[in-house]
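Presented below is the structure to which this report refers.
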2 protein chains.
Amino acid sequence: MDRKNRAVILFSGGLDSTTILYYALQQNYEIFPISYSYEQRHLVELKVAASHCQKLKLTNHRLINIDRSLFQGSALTNNIDVPKNGTRLNEENNIPVTYVPVRNLILLSLAGAYAESNNIDNIFIGVNAVDYSGYPDCRPEFIDSFQKTLNLASKVGQNGQEIKIHTPLISLTKKEIIEMGYKLKVPYELTWSCYDPIYEKSGDIIPCQKCDSCLLREAGFSQTGKKDPLKKINPGILNV
Amino acid sequence: MDRKNRAVILFSGGLDSTTILYYALQQNYEIFPISYSYEQRHLVELKVAASHCQKLKLTNHRLINIDRSLFQGSALTNNIDVPKNGTRLNEENNIPVTYVPVRNLILLSLAGAYAESNNIDNIFIGVNAVDYSGYPDCRPEFIDSFQKTLNLASKVGQNGQEIKIHTPLISLTKKEIIEMGYKLKVPYELTWSCYDPIYEKSGDIIPCQKCDSCLLREAGFSQTGKKDPLKKINPGILNV
């Protein structure tokens, strides 16, 4: 297949990235899903991502490790409480303590190397700058600047071509994302958003329903008039 | 010490990055050296880097692993012959086959997370765009674009401050870099440039003297009228 029809998908197993995976499949891209482990608090998302790829027979799903020690001061990677019920800002400014230092810059750079290495001209990322946590590396100005930088660094960029960063969700509300996903038949019962999973003795993992990510998700479903079909995840039953 | 006086140094143990390490020390920065392992063909450079840090008592030297499989099609990370005696271009364009896909973008992004995590406002990288191999991610336009992108992604960039990328060597010839290094008393006998090390039974590792990096180094020393003091490296003797 032509390189213009191949796409790397940054795929965490969350609501947004699962929606873009299904979106890119519908657009007939040849899909190269990539997931990242950085010992994040919500590692269960990677089991969810693997399960989708298994069901969709995306056998080229890649898991890349990133040294967690690079990410300090974040509630997602350090021993810092995940804020609950909307008390989400840190003391210094209005960026939440769940912000992971320049994470999307790293995830996109690694995806850029993977794309350049495998003759892939497209990268999809499910960033959103409407119903989101206020992370600076989710905004359109960051994405635009990254795309320019990637193509200045890359070999393909020197040949008058480019690797394009696709952000189909960036200006949608959470409600609009979910409505788009339902049209694409995204199985939302198998998507993980919660930053602070609760581990039950049974092996079930359930969302806390109180962190910023759970609240944004709940508000989105509520506005669509639908119930969130996710109740729990059990990695043992997923069998990945 | 103030964050404005702290600096991450991308330190490979090569001629250029060792020169900037000594340069940043002379400028009285508090130094945070970072080295990267991606199973590069010339892994010996990391032993050299560790040895400098040991001698200089830079106990916070960090080694970060990057998944080598992201880098395909390069003579430095794959089973592809390193070109010798100047036949260094690949077939597609004028970028050498030793080019590693968007490597500096990844190395700088990881350094950016480390800087943001540890309240460090400066990053030094020994890129050079004069006597160099023609890699796109060594050019000033890439560095400028990266700095802008990093600060759009970062928390510190939202506070009216910035992380600055320093490239003191970018417009110098190799001769000028070496002359600068001699003034800084850089021990060039302990710097590694060769892409294709030769491993001797004795444990000595010697430069091939034929790859592009060896040729650029040799020409630089020759133009200064000095002899390259590097003969060999023996990791056993380095004791790191």
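Labels used: A, B, ... for chains in the order of the structure tokens, numbers from 1 for residues in each chain, and numbers from 1 for ligands as shown.
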Per-residue nearest contacts chain A to chain B, cut-off 8 Å, using only C-alpha atoms, as a Markdown table:
```
| residue | atom | partner | partner_atom | distance |
| --- | --- | --- | --- | --- |
| A:Ile64 | CA | B:Asp67 | CA | 6.8 |
| A:Asn65 | CA | B:Asp67 | CA | 7.1 |
| A:Ile66 | CA | B:Ile66 | CA | 7.3 |
| A:Asp67 | CA | B:Ile64 | CA | 6.8 |
| A:Leu70 | CA | B:Tyr114 | CA | 4.9 |
| A:Phe71 | CA | B:Ser117 | CA | 5.9 |
| A:Gln72 | CA | B:Ser117 | CA | 4.8 |
| A:Gly73 | CA | B:Ser117 | CA | 6.4 |
| A:Asn93 | CA | B:Asn159 | CA | 7.7 |
| A:Ile95 | CA | B:Lys155 | CA | 7.2 |
| A:Pro101 | CA | B:Ala113 | CA | 5.2 |
| A:Val102 | CA | B:Ala153 | CA | 5.4 |
| A:Arg103 | CA | B:Ala113 | CA | 7.4 |
| A:Asn104 | CA | B:Ala153 | CA | 7.7 |
| A:Leu105 | CA | B:Ser109 | CA | 6.3 |
| A:Ile106 | CA | B:Ser109 | CA | 5.5 |
| A:Ser109 | CA | B:Ile106 | CA | 5.5 |
| A:Leu110 | CA | B:Ile106 | CA | 6.4 |
| A:Gly112 | CA | B:Val102 | CA | 7.1 |
| A:Ala113 | CA | B:Pro101 | CA | 5.2 |
| A:Tyr114 | CA | B:Leu70 | CA | 4.9 |
| A:Glu116 | CA | B:Pro101 | CA | 6.2 |
| A:Ser117 | CA | B:Gln72 | CA | 4.8 |
| A:Asn118 | CA | B:Gln72 | CA | 7.3 |
| A:Pro136 | CA | B:Ala153 | CA | 5.2 |
| A:Asp137 | CA | B:Ala153 | CA | 4.2 |
| A:Cys138 | CA | B:Ala153 | CA | 7.9 |
| A:Glu141 | CA | B:Leu152 | CA | 7.3 |
| A:Phe142 | CA | B:Leu152 | CA | 5.4 |
| A:Ser145 | CA | B:Thr149 | CA | 5.4 |
| A:Phe146 | CA | B:Thr149 | CA | 5.8 |
| A:Lys148 | CA | B:Ser145 | CA | 7.3 |
| A:Thr149 | CA | B:Ser145 | CA | 5.4 |
| A:Leu150 | CA | B:Leu105 | CA | 7.3 |
| A:Leu152 | CA | B:Phe142 | CA | 5.4 |
| A:Ala153 | CA | B:Asp137 | CA | 4.2 |
| A:Ser154 | CA | B:Val102 | CA | 5.5 |
| A:Lys155 | CA | B:Pro136 | CA | 7.0 |
| A:Gln158 | CA | B:Pro136 | CA | 7.6 |
| A:Asn159 | CA | B:Asn93 | CA | 7.7 |
```
Since we have the selection now, will you write its residues out, keeping C-alpha atoms, as a compact mmCIF listing (two decimals), in the first residue's frame?
```txt
# COMPACT_ATOMS: atom_id res chain seq x y z
CA ILE A 64 7.06 1.10 23.50
CA ASN A 65 8.59 1.63 26.94
CA ILE A 66 9.59 5.08 28.16
CA ASP A 67 11.75 5.59 31.24
CA LEU A 70 11.95 11.36 33.24
CA PHE A 71 8.46 12.33 34.36
CA GLN A 72 8.55 13.95 37.80
CA GLY A 73 5.93 15.98 39.64
CA ASN A 93 -0.53 27.97 37.65
CA ILE A 95 -2.11 23.38 34.72
CA PRO A 101 5.96 16.80 31.50
CA VAL A 102 5.89 17.26 27.69
CA ARG A 103 4.43 13.77 27.30
CA ASN A 104 2.78 14.35 23.92
CA LEU A 105 6.00 15.80 22.56
CA ILE A 106 7.77 12.55 23.46
CA SER A 109 8.52 12.15 18.48
CA LEU A 110 8.75 8.39 19.01
CA GLY A 112 7.66 10.17 14.14
CA ALA A 113 10.69 7.87 14.17
CA TYR A 114 8.43 4.86 13.72
CA GLU A 116 9.89 7.64 9.12
CA SER A 117 11.37 4.16 9.63
CA ASN A 118 8.41 2.41 8.05
CA PRO A 136 -0.49 22.65 27.02
CA ASP A 137 0.60 19.77 24.77
CA CYS A 138 -2.98 19.13 23.63
CA GLU A 141 -0.61 25.54 18.35
CA PHE A 142 1.54 22.78 19.84
CA SER A 145 4.55 23.52 15.67
CA PHE A 146 5.35 19.84 16.23
CA LYS A 148 6.74 21.61 11.33
CA THR A 149 9.57 20.48 13.63
CA LEU A 150 9.13 16.81 12.75
CA LEU A 152 12.47 19.68 9.55
CA ALA A 153 14.08 16.72 11.37
CA SER A 154 12.97 14.00 9.00
CA LYS A 155 14.37 12.64 5.77
CA GLN A 158 13.71 17.08 2.88
CA ASN A 159 12.16 15.45 -0.18
```
Surrounding residues of A:Ser222 excluding itself and chain neighbours under 3 positions, 12 Å, only C-alpha atoms, as a VMD selection string: chain A and resid 174 to 176 178 to 179 215 to 219 225 to 229
With C-alpha atoms kept, could you save the residues just selected as a compact mmCIF listing (two decimals), in the first residue's frame?
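Produced file result.txt, reproduced below:
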```
# COMPACT_ATOMS: atom_id res chain seq x y z
CA LYS A 174 -16.74 15.31 24.47
CA LYS A 175 -20.39 14.93 23.51
CA GLU A 176 -19.51 15.28 19.82
CA ILE A 178 -18.97 10.19 21.71
CA GLU A 179 -21.65 10.78 19.06
CA LEU A 215 -15.84 13.60 35.27
CA LEU A 216 -15.21 14.74 31.68
CA ARG A 217 -16.27 11.31 30.40
CA GLU A 218 -19.40 11.21 32.54
CA ALA A 219 -20.42 14.72 31.45
CA GLY A 225 -28.44 11.12 26.76
CA LYS A 226 -26.69 7.74 26.86
CA LYS A 227 -25.30 5.74 29.75
CA ASP A 228 -21.58 5.03 29.81
CA PRO A 229 -21.45 1.28 29.03
```
Separation of atom CA of B:Leu76 from atom CA of B:Gln40, in Å and rounded to one decimal: 5.6 Å
Polymer residues at most 7 Å from B:Ser193, only C-alpha atoms, same-chain spacing of 3 or more positions, as number ranges by chain: B: 14-15, 213-214
Atom CA of A:Ser133 to atom CA of A:Lys164, straight-line distance in Å: 24.8 Å
